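What follows is the content of final19.cif (mmCIF, N, CA and C atoms).
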data_entry
#
loop_
_atom_site.label_atom_id
_atom_site.label_comp_id
_atom_site.auth_asym_id
_atom_site.auth_seq_id
_atom_site.Cartn_x
_atom_site.Cartn_y
_atom_site.Cartn_z
N MET A 1 0.84 -1.18 0.00
CA MET A 1 0.00 0.00 0.00
C MET A 1 0.88 1.24 0.00
N LYS A 2 0.48 2.21 -0.77
CA LYS A 2 1.16 3.49 -0.82
C LYS A 2 0.12 4.57 -0.58
N PHE A 3 0.49 5.61 0.15
CA PHE A 3 -0.50 6.65 0.42
C PHE A 3 0.15 8.00 0.66
N SER A 4 -0.67 9.02 0.60
CA SER A 4 -0.29 10.37 0.98
C SER A 4 -1.54 11.03 1.55
N GLN A 5 -1.41 12.23 2.05
CA GLN A 5 -2.55 12.94 2.61
C GLN A 5 -2.88 14.16 1.77
N ALA A 6 -4.13 14.58 1.86
CA ALA A 6 -4.60 15.79 1.20
C ALA A 6 -5.65 16.42 2.10
N LYS A 7 -6.01 17.63 1.80
CA LYS A 7 -7.08 18.32 2.53
C LYS A 7 -8.21 18.59 1.56
N GLN A 8 -9.43 18.64 2.09
CA GLN A 8 -10.55 18.95 1.21
C GLN A 8 -10.53 20.43 0.86
N GLY A 9 -10.66 20.68 -0.42
CA GLY A 9 -10.70 22.05 -0.93
C GLY A 9 -12.13 22.43 -1.29
N ARG A 10 -12.27 23.04 -2.44
CA ARG A 10 -13.58 23.48 -2.91
C ARG A 10 -14.46 22.29 -3.31
N VAL A 11 -15.76 22.54 -3.33
CA VAL A 11 -16.71 21.55 -3.83
C VAL A 11 -17.47 22.21 -4.97
N PHE A 12 -17.50 21.53 -6.11
CA PHE A 12 -18.19 22.06 -7.29
C PHE A 12 -19.40 21.19 -7.61
N VAL A 13 -20.51 21.83 -7.93
CA VAL A 13 -21.72 21.17 -8.39
C VAL A 13 -21.81 21.47 -9.88
N ILE A 14 -21.72 20.43 -10.71
CA ILE A 14 -21.57 20.59 -12.16
C ILE A 14 -22.71 19.88 -12.88
N ARG A 15 -23.23 20.53 -13.90
CA ARG A 15 -24.23 19.90 -14.76
C ARG A 15 -23.65 19.82 -16.17
N LEU A 16 -23.43 18.60 -16.63
CA LEU A 16 -23.00 18.40 -18.00
C LEU A 16 -24.24 18.38 -18.90
N GLU A 17 -24.12 19.00 -20.05
CA GLU A 17 -25.24 19.14 -20.97
C GLU A 17 -25.24 18.05 -22.03
N ASP A 18 -26.37 17.91 -22.70
CA ASP A 18 -26.57 16.91 -23.74
C ASP A 18 -25.43 16.92 -24.75
N GLY A 19 -24.83 15.76 -24.97
CA GLY A 19 -23.78 15.61 -25.97
C GLY A 19 -22.36 15.80 -25.46
N GLU A 20 -22.18 16.37 -24.26
CA GLU A 20 -20.83 16.56 -23.74
C GLU A 20 -20.20 15.20 -23.41
N ILE A 21 -18.91 15.07 -23.70
CA ILE A 21 -18.16 13.85 -23.40
C ILE A 21 -17.63 13.97 -21.97
N LEU A 22 -18.00 13.01 -21.14
CA LEU A 22 -17.75 13.08 -19.70
C LEU A 22 -16.30 13.38 -19.34
N HIS A 23 -15.35 12.55 -19.75
CA HIS A 23 -13.97 12.77 -19.30
C HIS A 23 -13.39 14.06 -19.87
N GLU A 24 -13.74 14.41 -21.11
CA GLU A 24 -13.23 15.65 -21.69
C GLU A 24 -13.76 16.87 -20.96
N ALA A 25 -15.05 16.88 -20.67
CA ALA A 25 -15.67 18.02 -19.98
C ALA A 25 -15.08 18.21 -18.58
N ILE A 26 -14.89 17.12 -17.85
CA ILE A 26 -14.37 17.22 -16.48
C ILE A 26 -12.90 17.65 -16.49
N GLU A 27 -12.10 17.09 -17.38
CA GLU A 27 -10.69 17.48 -17.45
C GLU A 27 -10.55 18.95 -17.87
N ASN A 28 -11.38 19.42 -18.81
CA ASN A 28 -11.34 20.83 -19.20
C ASN A 28 -11.79 21.73 -18.05
N PHE A 29 -12.84 21.31 -17.34
CA PHE A 29 -13.31 22.07 -16.19
C PHE A 29 -12.21 22.20 -15.14
N ALA A 30 -11.56 21.08 -14.84
CA ALA A 30 -10.48 21.09 -13.84
C ALA A 30 -9.36 22.04 -14.26
N ARG A 31 -8.98 21.98 -15.51
CA ARG A 31 -7.93 22.87 -16.02
C ARG A 31 -8.36 24.33 -15.86
N ASP A 32 -9.60 24.65 -16.28
CA ASP A 32 -10.09 26.03 -16.21
C ASP A 32 -10.21 26.56 -14.79
N GLN A 33 -10.54 25.68 -13.84
CA GLN A 33 -10.73 26.09 -12.44
C GLN A 33 -9.49 25.91 -11.58
N GLY A 34 -8.43 25.39 -12.15
CA GLY A 34 -7.20 25.18 -11.38
C GLY A 34 -7.30 24.04 -10.38
N VAL A 35 -8.13 23.05 -10.67
CA VAL A 35 -8.26 21.87 -9.81
C VAL A 35 -7.19 20.88 -10.22
N LYS A 36 -6.31 20.54 -9.30
CA LYS A 36 -5.24 19.60 -9.59
C LYS A 36 -5.62 18.17 -9.23
N ALA A 37 -6.40 17.99 -8.16
CA ALA A 37 -6.79 16.66 -7.71
C ALA A 37 -8.21 16.72 -7.16
N ALA A 38 -8.94 15.62 -7.33
CA ALA A 38 -10.34 15.61 -6.89
C ALA A 38 -10.87 14.19 -6.79
N ALA A 39 -11.95 14.05 -6.04
CA ALA A 39 -12.79 12.86 -6.03
C ALA A 39 -14.13 13.29 -6.60
N LEU A 40 -14.79 12.41 -7.35
CA LEU A 40 -16.03 12.79 -8.03
C LEU A 40 -17.09 11.71 -7.92
N ILE A 41 -18.34 12.16 -7.94
CA ILE A 41 -19.47 11.27 -8.12
C ILE A 41 -20.31 11.81 -9.27
N VAL A 42 -20.99 10.93 -9.97
CA VAL A 42 -21.78 11.33 -11.13
C VAL A 42 -23.05 10.50 -11.19
N CYS A 43 -24.14 11.13 -11.64
CA CYS A 43 -25.36 10.38 -11.92
C CYS A 43 -26.14 11.11 -13.00
N GLY A 44 -26.89 10.35 -13.78
CA GLY A 44 -27.69 10.93 -14.84
C GLY A 44 -27.88 9.95 -15.97
N GLY A 45 -27.84 10.48 -17.20
CA GLY A 45 -28.08 9.65 -18.37
C GLY A 45 -26.91 9.68 -19.33
N VAL A 46 -26.64 8.53 -19.96
CA VAL A 46 -25.60 8.45 -20.99
C VAL A 46 -26.23 7.98 -22.30
N ASP A 47 -25.69 8.48 -23.39
CA ASP A 47 -26.32 8.32 -24.70
C ASP A 47 -25.85 7.07 -25.44
N VAL A 48 -26.65 6.69 -26.41
CA VAL A 48 -26.31 5.60 -27.32
C VAL A 48 -24.95 5.91 -27.96
N GLY A 49 -24.14 4.89 -28.14
CA GLY A 49 -22.81 5.07 -28.73
C GLY A 49 -21.73 5.36 -27.72
N SER A 50 -22.09 5.58 -26.46
CA SER A 50 -21.08 5.77 -25.42
C SER A 50 -20.25 4.50 -25.31
N LYS A 51 -18.95 4.69 -25.04
CA LYS A 51 -18.04 3.55 -24.98
C LYS A 51 -17.44 3.42 -23.58
N LEU A 52 -17.40 2.18 -23.10
CA LEU A 52 -16.81 1.86 -21.81
C LEU A 52 -15.72 0.81 -22.00
N VAL A 53 -14.69 0.88 -21.17
CA VAL A 53 -13.72 -0.21 -21.09
C VAL A 53 -14.23 -1.13 -19.98
N VAL A 54 -14.50 -2.39 -20.34
CA VAL A 54 -15.16 -3.30 -19.41
C VAL A 54 -14.27 -4.45 -18.94
N GLY A 55 -12.98 -4.26 -19.06
CA GLY A 55 -12.05 -5.25 -18.53
C GLY A 55 -10.95 -5.60 -19.50
N PRO A 56 -9.96 -6.32 -19.03
CA PRO A 56 -8.92 -6.81 -19.93
C PRO A 56 -9.42 -8.07 -20.65
N LEU A 57 -8.95 -8.27 -21.86
CA LEU A 57 -9.33 -9.45 -22.62
C LEU A 57 -8.92 -10.73 -21.88
N ILE A 58 -7.69 -10.74 -21.36
CA ILE A 58 -7.19 -11.88 -20.59
C ILE A 58 -6.71 -11.35 -19.25
N GLY A 59 -7.25 -11.86 -18.16
CA GLY A 59 -7.05 -11.37 -16.81
C GLY A 59 -5.70 -10.78 -16.45
N ARG A 60 -4.65 -11.56 -16.44
CA ARG A 60 -3.35 -11.06 -15.98
C ARG A 60 -2.29 -11.02 -17.07
N ALA A 61 -2.70 -11.11 -18.32
CA ALA A 61 -1.75 -11.06 -19.43
C ALA A 61 -1.22 -9.64 -19.61
N THR A 62 0.05 -9.54 -20.00
CA THR A 62 0.62 -8.25 -20.37
C THR A 62 1.24 -8.38 -21.75
N PRO A 63 1.14 -7.38 -22.57
CA PRO A 63 0.45 -6.13 -22.28
C PRO A 63 -1.05 -6.34 -22.18
N ILE A 64 -1.70 -5.42 -21.53
CA ILE A 64 -3.14 -5.51 -21.31
C ILE A 64 -3.87 -5.13 -22.59
N SER A 65 -4.82 -5.96 -22.98
CA SER A 65 -5.68 -5.67 -24.12
C SER A 65 -7.08 -5.35 -23.59
N PRO A 66 -7.49 -4.07 -23.64
CA PRO A 66 -8.79 -3.71 -23.07
C PRO A 66 -9.95 -4.20 -23.94
N ILE A 67 -11.07 -4.47 -23.28
CA ILE A 67 -12.32 -4.79 -23.96
C ILE A 67 -13.15 -3.52 -23.97
N GLU A 68 -13.57 -3.09 -25.14
CA GLU A 68 -14.41 -1.90 -25.26
C GLU A 68 -15.85 -2.32 -25.56
N TYR A 69 -16.78 -1.71 -24.84
CA TYR A 69 -18.21 -2.02 -24.99
C TYR A 69 -18.93 -0.75 -25.39
N THR A 70 -19.75 -0.81 -26.43
CA THR A 70 -20.50 0.36 -26.89
C THR A 70 -21.97 0.19 -26.51
N LEU A 71 -22.52 1.20 -25.83
CA LEU A 71 -23.93 1.16 -25.44
C LEU A 71 -24.80 1.28 -26.69
N ASP A 72 -25.79 0.39 -26.79
CA ASP A 72 -26.66 0.37 -27.96
C ASP A 72 -27.94 1.18 -27.76
N ASN A 73 -28.06 1.84 -26.60
CA ASN A 73 -29.24 2.65 -26.31
C ASN A 73 -28.92 3.60 -25.16
N VAL A 74 -29.83 4.47 -24.85
CA VAL A 74 -29.69 5.38 -23.70
C VAL A 74 -29.73 4.56 -22.41
N HIS A 75 -28.90 4.93 -21.43
CA HIS A 75 -28.84 4.23 -20.15
C HIS A 75 -28.82 5.24 -19.00
N GLU A 76 -29.33 4.84 -17.85
CA GLU A 76 -29.13 5.56 -16.60
C GLU A 76 -27.73 5.23 -16.11
N CYS A 77 -27.11 6.14 -15.36
CA CYS A 77 -25.77 5.81 -14.87
C CYS A 77 -25.52 6.42 -13.49
N ALA A 78 -24.60 5.78 -12.77
CA ALA A 78 -24.07 6.28 -11.51
C ALA A 78 -22.61 5.86 -11.46
N GLY A 79 -21.76 6.74 -10.96
CA GLY A 79 -20.34 6.39 -10.93
C GLY A 79 -19.53 7.23 -9.97
N THR A 80 -18.29 6.83 -9.86
CA THR A 80 -17.36 7.52 -8.99
C THR A 80 -15.97 7.50 -9.62
N GLY A 81 -15.15 8.45 -9.25
CA GLY A 81 -13.83 8.49 -9.84
C GLY A 81 -12.88 9.43 -9.12
N THR A 82 -11.68 9.50 -9.68
CA THR A 82 -10.66 10.40 -9.16
C THR A 82 -10.04 11.18 -10.31
N LEU A 83 -9.49 12.31 -9.97
CA LEU A 83 -8.80 13.15 -10.94
C LEU A 83 -7.46 13.54 -10.34
N PHE A 84 -6.38 13.24 -11.08
CA PHE A 84 -5.04 13.62 -10.67
C PHE A 84 -4.28 14.08 -11.91
N PRO A 85 -3.27 14.91 -11.74
CA PRO A 85 -2.50 15.34 -12.91
C PRO A 85 -1.63 14.20 -13.43
N ASP A 86 -1.41 14.20 -14.75
CA ASP A 86 -0.45 13.25 -15.30
C ASP A 86 0.95 13.84 -15.13
N GLU A 87 1.94 13.19 -15.69
CA GLU A 87 3.32 13.64 -15.50
C GLU A 87 3.61 14.99 -16.14
N GLU A 88 2.76 15.42 -17.07
CA GLU A 88 2.91 16.74 -17.69
C GLU A 88 2.06 17.80 -16.97
N GLY A 89 1.33 17.38 -15.93
CA GLY A 89 0.51 18.32 -15.16
C GLY A 89 -0.91 18.48 -15.67
N LYS A 90 -1.31 17.73 -16.70
CA LYS A 90 -2.66 17.82 -17.24
C LYS A 90 -3.62 16.98 -16.40
N PRO A 91 -4.83 17.51 -16.12
CA PRO A 91 -5.81 16.72 -15.36
C PRO A 91 -6.16 15.43 -16.09
N SER A 92 -6.23 14.34 -15.34
CA SER A 92 -6.54 13.03 -15.91
C SER A 92 -7.59 12.33 -15.05
N LEU A 93 -8.78 12.13 -15.63
CA LEU A 93 -9.89 11.51 -14.91
C LEU A 93 -9.83 10.00 -15.03
N HIS A 94 -10.03 9.32 -13.91
CA HIS A 94 -10.24 7.87 -13.89
C HIS A 94 -11.57 7.64 -13.21
N MET A 95 -12.57 7.24 -13.98
CA MET A 95 -13.91 7.08 -13.44
C MET A 95 -14.55 5.81 -13.98
N HIS A 96 -15.24 5.11 -13.10
CA HIS A 96 -16.02 3.95 -13.49
C HIS A 96 -17.49 4.27 -13.24
N ILE A 97 -18.34 3.85 -14.18
CA ILE A 97 -19.77 4.06 -14.03
C ILE A 97 -20.51 2.74 -14.28
N ALA A 98 -21.64 2.62 -13.62
CA ALA A 98 -22.56 1.51 -13.89
C ALA A 98 -23.69 2.11 -14.72
N CYS A 99 -23.98 1.46 -15.85
CA CYS A 99 -25.00 1.94 -16.78
C CYS A 99 -26.10 0.89 -16.88
N GLY A 100 -27.32 1.29 -16.58
CA GLY A 100 -28.42 0.34 -16.60
C GLY A 100 -29.54 0.76 -17.54
N ARG A 101 -30.19 -0.24 -18.10
CA ARG A 101 -31.37 -0.04 -18.93
C ARG A 101 -32.24 -1.27 -18.74
N ASP A 102 -33.50 -1.05 -18.35
CA ASP A 102 -34.41 -2.15 -18.06
C ASP A 102 -33.79 -2.99 -16.96
N ALA A 103 -33.56 -4.27 -17.17
CA ALA A 103 -33.03 -5.13 -16.11
C ALA A 103 -31.56 -5.49 -16.33
N GLU A 104 -30.86 -4.77 -17.23
CA GLU A 104 -29.47 -5.09 -17.51
C GLU A 104 -28.55 -3.93 -17.14
N THR A 105 -27.36 -4.27 -16.65
CA THR A 105 -26.37 -3.27 -16.26
C THR A 105 -25.00 -3.66 -16.78
N VAL A 106 -24.24 -2.65 -17.19
CA VAL A 106 -22.85 -2.85 -17.56
C VAL A 106 -22.03 -1.80 -16.81
N THR A 107 -20.87 -2.20 -16.34
CA THR A 107 -20.00 -1.30 -15.58
C THR A 107 -18.64 -1.23 -16.26
N GLY A 108 -18.08 -0.02 -16.32
CA GLY A 108 -16.77 0.11 -16.92
C GLY A 108 -16.19 1.50 -16.75
N CYS A 109 -14.99 1.67 -17.31
CA CYS A 109 -14.26 2.92 -17.26
C CYS A 109 -14.71 3.83 -18.41
N VAL A 110 -14.80 5.14 -18.15
CA VAL A 110 -15.34 6.11 -19.11
C VAL A 110 -14.32 6.61 -20.12
N ARG A 111 -13.08 6.19 -20.01
CA ARG A 111 -11.98 6.77 -20.79
C ARG A 111 -12.17 6.74 -22.31
N SER A 112 -12.93 5.78 -22.82
CA SER A 112 -13.10 5.66 -24.27
C SER A 112 -14.13 6.63 -24.85
N GLY A 113 -14.92 7.29 -23.98
CA GLY A 113 -15.86 8.29 -24.48
C GLY A 113 -17.30 8.01 -24.12
N VAL A 114 -17.76 8.61 -23.04
CA VAL A 114 -19.14 8.50 -22.60
C VAL A 114 -19.83 9.83 -22.86
N LYS A 115 -20.92 9.77 -23.62
CA LYS A 115 -21.63 10.98 -24.03
C LYS A 115 -22.86 11.21 -23.16
N THR A 116 -23.01 12.45 -22.69
CA THR A 116 -24.16 12.83 -21.87
C THR A 116 -25.46 12.73 -22.66
N TRP A 117 -26.46 12.14 -22.06
CA TRP A 117 -27.83 12.14 -22.59
C TRP A 117 -28.63 13.10 -21.71
N ASN A 118 -28.98 14.22 -22.23
CA ASN A 118 -29.71 15.29 -21.55
C ASN A 118 -28.95 15.91 -20.38
N VAL A 119 -28.61 15.14 -19.36
CA VAL A 119 -27.91 15.73 -18.22
C VAL A 119 -27.12 14.67 -17.45
N LEU A 120 -25.92 15.06 -17.03
CA LEU A 120 -25.15 14.30 -16.06
C LEU A 120 -24.84 15.26 -14.92
N GLU A 121 -25.18 14.87 -13.72
CA GLU A 121 -24.88 15.67 -12.54
C GLU A 121 -23.58 15.17 -11.93
N VAL A 122 -22.67 16.09 -11.67
CA VAL A 122 -21.35 15.74 -11.13
C VAL A 122 -21.10 16.57 -9.88
N ILE A 123 -20.64 15.93 -8.83
CA ILE A 123 -20.14 16.63 -7.66
C ILE A 123 -18.64 16.35 -7.62
N LEU A 124 -17.85 17.42 -7.64
CA LEU A 124 -16.40 17.32 -7.65
C LEU A 124 -15.89 17.86 -6.32
N PHE A 125 -15.20 17.01 -5.57
CA PHE A 125 -14.61 17.37 -4.28
C PHE A 125 -13.12 17.57 -4.50
N GLU A 126 -12.68 18.82 -4.48
CA GLU A 126 -11.27 19.11 -4.70
C GLU A 126 -10.42 18.57 -3.54
N LEU A 127 -9.26 18.00 -3.88
CA LEU A 127 -8.29 17.54 -2.88
C LEU A 127 -7.12 18.50 -2.91
N ALA A 128 -7.06 19.36 -1.92
CA ALA A 128 -6.00 20.37 -1.84
C ALA A 128 -4.74 19.75 -1.24
N GLU A 129 -3.61 20.29 -1.63
CA GLU A 129 -2.31 19.86 -1.12
C GLU A 129 -2.01 18.40 -1.41
N SER A 130 -2.56 17.87 -2.48
CA SER A 130 -2.28 16.49 -2.89
C SER A 130 -0.97 16.43 -3.66
N THR A 131 -0.22 15.37 -3.41
CA THR A 131 1.04 15.15 -4.15
C THR A 131 0.90 14.04 -5.18
N ALA A 132 -0.29 13.45 -5.30
CA ALA A 132 -0.51 12.32 -6.20
C ALA A 132 -0.46 12.75 -7.66
N VAL A 133 0.08 11.87 -8.49
CA VAL A 133 0.11 12.07 -9.95
C VAL A 133 -0.17 10.73 -10.62
N ARG A 134 -0.54 10.79 -11.90
CA ARG A 134 -0.69 9.57 -12.70
C ARG A 134 0.59 9.38 -13.51
N ARG A 135 1.25 8.24 -13.27
CA ARG A 135 2.50 7.93 -13.95
C ARG A 135 2.35 6.68 -14.81
N LEU A 136 2.99 6.70 -15.97
CA LEU A 136 2.95 5.55 -16.85
C LEU A 136 3.60 4.35 -16.18
N GLU A 137 2.88 3.25 -16.17
CA GLU A 137 3.42 1.98 -15.70
C GLU A 137 3.73 1.16 -16.95
N PRO A 138 5.01 1.15 -17.38
CA PRO A 138 5.36 0.52 -18.65
C PRO A 138 4.90 -0.93 -18.79
N SER A 139 4.96 -1.70 -17.72
CA SER A 139 4.59 -3.11 -17.81
C SER A 139 3.10 -3.29 -18.09
N LEU A 140 2.28 -2.32 -17.70
CA LEU A 140 0.84 -2.41 -17.93
C LEU A 140 0.39 -1.63 -19.16
N GLY A 141 1.13 -0.58 -19.51
CA GLY A 141 0.79 0.21 -20.68
C GLY A 141 -0.21 1.32 -20.40
N PHE A 142 -0.48 1.63 -19.15
CA PHE A 142 -1.34 2.77 -18.83
C PHE A 142 -0.86 3.46 -17.57
N LYS A 143 -1.45 4.63 -17.29
CA LYS A 143 -1.02 5.45 -16.17
C LYS A 143 -1.73 5.04 -14.89
N LEU A 144 -0.95 4.87 -13.82
CA LEU A 144 -1.49 4.55 -12.50
C LEU A 144 -1.28 5.73 -11.57
N MET A 145 -2.17 5.86 -10.61
CA MET A 145 -2.03 6.90 -9.60
C MET A 145 -0.88 6.54 -8.67
N ALA A 146 0.03 7.48 -8.51
CA ALA A 146 1.14 7.36 -7.56
C ALA A 146 0.91 8.42 -6.50
N PRO A 147 0.64 8.03 -5.25
CA PRO A 147 0.24 9.01 -4.24
C PRO A 147 1.35 9.91 -3.73
N TYR A 148 2.59 9.68 -4.08
CA TYR A 148 3.71 10.45 -3.55
C TYR A 148 4.34 11.33 -4.59
#
Could you show the structure in this file as structure tokens?
Amino acid sequence: MKFSQAKQGRVFVIRLEDGEILHEAIENFARDQGVKAAALIVCGGVDVGSKLVVGPLIGRATPISPIEYTLDNVHECAGTGTLFPDEEGKPSLHMHIACGRDAETVTGCVRSGVKTWNVLEVILFELAESTAVRRLEPSLGFKLMAPY
């Protein structure tokens, strides 16, 4: 286990509008507001064609081959995530959402492009004085949060 400490900063109540791409909108918002680190919750609707990463093709194989799933209809969603700067200082969102329609649900990472359907409500809790960054983990092929 690795850890560091942070203090709670500002809290933002955000409404994403129809058609906005979740990770792009949040990363742009963070850049514009000077938010370096945050914890987030989201709920609302996601549109047809939204893409989720729903796991690796083979559990522990490297390099990791992600499975991408495309929503074939509008879904309700709820999710949580974190935002930390990458090694260049750019905000980088890591968020997983559960998307449901009728009696079926799919859960995955939003990184491939989740599009807002009418509205997504986001609460962003800024983490002040955080030293965490997302660093490339060469053996995995993606960036992991490093708390120090």
- Item | Long-range neighbours of A:Ala25 as a list of chain:residue names, 10 Å cut-off, only C-alpha atoms, 6 positions minimum in chain | A:Leu16, A:Glu17, A:Arg31
- Query: When you draw a straight line from atom C of A:Ile123 to atom CA of A:Glu76, how long is it in Å?
  - Reply: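 Taking atom C of A:Ile123 as the start and atom CA of A:Glu76 as the end point, the length is 17.5 Å.
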Inset, instruction - Taking the chain letters and numbering used in this document, name the residues of chain A that DSSP puts in helix (DSSP H, G or I), as a PyMOL selection string. - result: chain A and resi 22-33+110-112
Quiz prompt | Residue IDs satisfying the PyMOL selection byres ((chain A and resi 68) around 6.5), as a count of residues only | solution = 9
- prompt: When the PyMOL selection byres (((chain A and resi 20 and name CA) around 6) and name CA) is applied to the file above, which residues end up in the set, as a PyMOL selection string?
  reply: chain A and resi 17-19+21+115-116
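Compared by their closest atoms to A:Glu87, and using only C-alpha atoms, the residues A:Met145, A:Cys109, A:Leu120, A:Val48 rank with A:Met145 nearest.
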Tell me which residues the PyMOL selection byres (((chain A and resi 14 and name CA) around 8) and name CA) grabs here, as a ChimeraX atom specification. /A:12-13,15-16,121-124
- Message: Using Å and a single decimal, report how far atom C of A:Ala61 sits from atom C of A:Pro138.
- Response: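 We find that atom C of A:Pro138 and atom C of A:Ala61 lie 10.7 Å from each other.
Between atom C of A:Tyr148 and atom N of A:Asp86 the interatomic distance comes to 12.0 Å.
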Report task. Check the smallest atom-to-atom distance from each of A:Met95, A:Leu83, A:Leu144, A:Val110 to A:Ala37 using only N, CA and C atoms, then report the winner. Result ->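 The answer is A:Leu83, which sits nearest to A:Ala37.
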For A:Arg60, which of A:Leu140, A:Ala38, A:Ala128, A:Val74 is the closest residue, counting only C-alpha atoms?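 Nearest candidate to A:Arg60 out of A:Leu140, A:Ala38, A:Ala128, A:Val74: A:Leu140.
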Expected answer as a ChimeraX atom specification: all residues with atoms within 10 Å of (-30.4, 9.6, -16.1), only C-alpha atoms:
/A:43-47,74-78,99-100,116-121
Could you write those residues out with N, CA and C atoms, as a short mmCIF file (atom, residue, chain, number, x, y, z; two decimals), keeping the file's coordinate frame?
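Listing of out-v2.cif after writing:
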data_model
loop_
_atom_site.label_atom_id
_atom_site.label_comp_id
_atom_site.auth_asym_id
_atom_site.auth_seq_id
_atom_site.Cartn_x
_atom_site.Cartn_y
_atom_site.Cartn_z
N CYS A 43 -24.14 11.13 -11.64
CA CYS A 43 -25.36 10.38 -11.92
C CYS A 43 -26.14 11.11 -13.00
N GLY A 44 -26.89 10.35 -13.78
CA GLY A 44 -27.69 10.93 -14.84
C GLY A 44 -27.88 9.95 -15.97
N GLY A 45 -27.84 10.48 -17.20
CA GLY A 45 -28.08 9.65 -18.37
C GLY A 45 -26.91 9.68 -19.33
N VAL A 46 -26.64 8.53 -19.96
CA VAL A 46 -25.60 8.45 -20.99
C VAL A 46 -26.23 7.98 -22.30
N ASP A 47 -25.69 8.48 -23.39
CA ASP A 47 -26.32 8.32 -24.70
C ASP A 47 -25.85 7.07 -25.44
N VAL A 74 -29.83 4.47 -24.85
CA VAL A 74 -29.69 5.38 -23.70
C VAL A 74 -29.73 4.56 -22.41
N HIS A 75 -28.90 4.93 -21.43
CA HIS A 75 -28.84 4.23 -20.15
C HIS A 75 -28.82 5.24 -19.00
N GLU A 76 -29.33 4.84 -17.85
CA GLU A 76 -29.13 5.56 -16.60
C GLU A 76 -27.73 5.23 -16.11
N CYS A 77 -27.11 6.14 -15.36
CA CYS A 77 -25.77 5.81 -14.87
C CYS A 77 -25.52 6.42 -13.49
N ALA A 78 -24.60 5.78 -12.77
CA ALA A 78 -24.07 6.28 -11.51
C ALA A 78 -22.61 5.86 -11.46
N CYS A 99 -23.98 1.46 -15.85
CA CYS A 99 -25.00 1.94 -16.78
C CYS A 99 -26.10 0.89 -16.88
N GLY A 100 -27.32 1.29 -16.58
CA GLY A 100 -28.42 0.34 -16.60
C GLY A 100 -29.54 0.76 -17.54
N THR A 116 -23.01 12.45 -22.69
CA THR A 116 -24.16 12.83 -21.87
C THR A 116 -25.46 12.73 -22.66
N TRP A 117 -26.46 12.14 -22.06
CA TRP A 117 -27.83 12.14 -22.59
C TRP A 117 -28.63 13.10 -21.71
N ASN A 118 -28.98 14.22 -22.23
CA ASN A 118 -29.71 15.29 -21.55
C ASN A 118 -28.95 15.91 -20.38
N VAL A 119 -28.61 15.14 -19.36
CA VAL A 119 -27.91 15.73 -18.22
C VAL A 119 -27.12 14.67 -17.45
N LEU A 120 -25.92 15.06 -17.03
CA LEU A 120 -25.15 14.30 -16.06
C LEU A 120 -24.84 15.26 -14.92
N GLU A 121 -25.18 14.87 -13.72
CA GLU A 121 -24.88 15.67 -12.54
C GLU A 121 -23.58 15.17 -11.93
#
I need stretch 92-103 of chain A from the structure I supplied, saved as a JSON list (two decimals), in the first residue's frame with N, CA and C atoms retained.
[["chain", "number", "residue", "atom", "x", "y", "z"],
["A", 92, "SER", "N", -6.23, 14.34, -15.34],
["A", 92, "SER", "CA", -6.54, 13.03, -15.91],
["A", 92, "SER", "C", -7.59, 12.33, -15.05],
["A", 93, "LEU", "N", -8.78, 12.13, -15.63],
["A", 93, "LEU", "CA", -9.89, 11.51, -14.91],
["A", 93, "LEU", "C", -9.83, 10.00, -15.03],
["A", 94, "HIS", "N", -10.03, 9.32, -13.91],
["A", 94, "HIS", "CA", -10.24, 7.87, -13.89],
["A", 94, "HIS", "C", -11.57, 7.64, -13.21],
["A", 95, "MET", "N", -12.57, 7.24, -13.98],
["A", 95, "MET", "CA", -13.91, 7.08, -13.44],
["A", 95, "MET", "C", -14.55, 5.81, -13.98],
["A", 96, "HIS", "N", -15.24, 5.11, -13.10],
["A", 96, "HIS", "CA", -16.02, 3.95, -13.49],
["A", 96, "HIS", "C", -17.49, 4.27, -13.24],
["A", 97, "ILE", "N", -18.34, 3.85, -14.18],
["A", 97, "ILE", "CA", -19.77, 4.06, -14.03],
["A", 97, "ILE", "C", -20.51, 2.74, -14.28],
["A", 98, "ALA", "N", -21.64, 2.62, -13.62],
["A", 98, "ALA", "CA", -22.56, 1.51, -13.89],
["A", 98, "ALA", "C", -23.69, 2.11, -14.72],
["A", 99, "CYS", "N", -23.98, 1.46, -15.85],
["A", 99, "CYS", "CA", -25.00, 1.94, -16.78],
["A", 99, "CYS", "C", -26.10, 0.89, -16.88],
["A", 100, "GLY", "N", -27.32, 1.29, -16.58],
["A", 100, "GLY", "CA", -28.42, 0.34, -16.60],
["A", 100, "GLY", "C", -29.54, 0.76, -17.54],
["A", 101, "ARG", "N", -30.19, -0.24, -18.10],
["A", 101, "ARG", "CA", -31.37, -0.04, -18.93],
["A", 101, "ARG", "C", -32.24, -1.27, -18.74],
["A", 102, "ASP", "N", -33.50, -1.05, -18.35],
["A", 102, "ASP", "CA", -34.41, -2.15, -18.06],
["A", 102, "ASP", "C", -33.79, -2.99, -16.96],
["A", 103, "ALA", "N", -33.56, -4.27, -17.17],
["A", 103, "ALA", "CA", -33.03, -5.13, -16.11],
["A", 103, "ALA", "C", -31.56, -5.49, -16.33]]
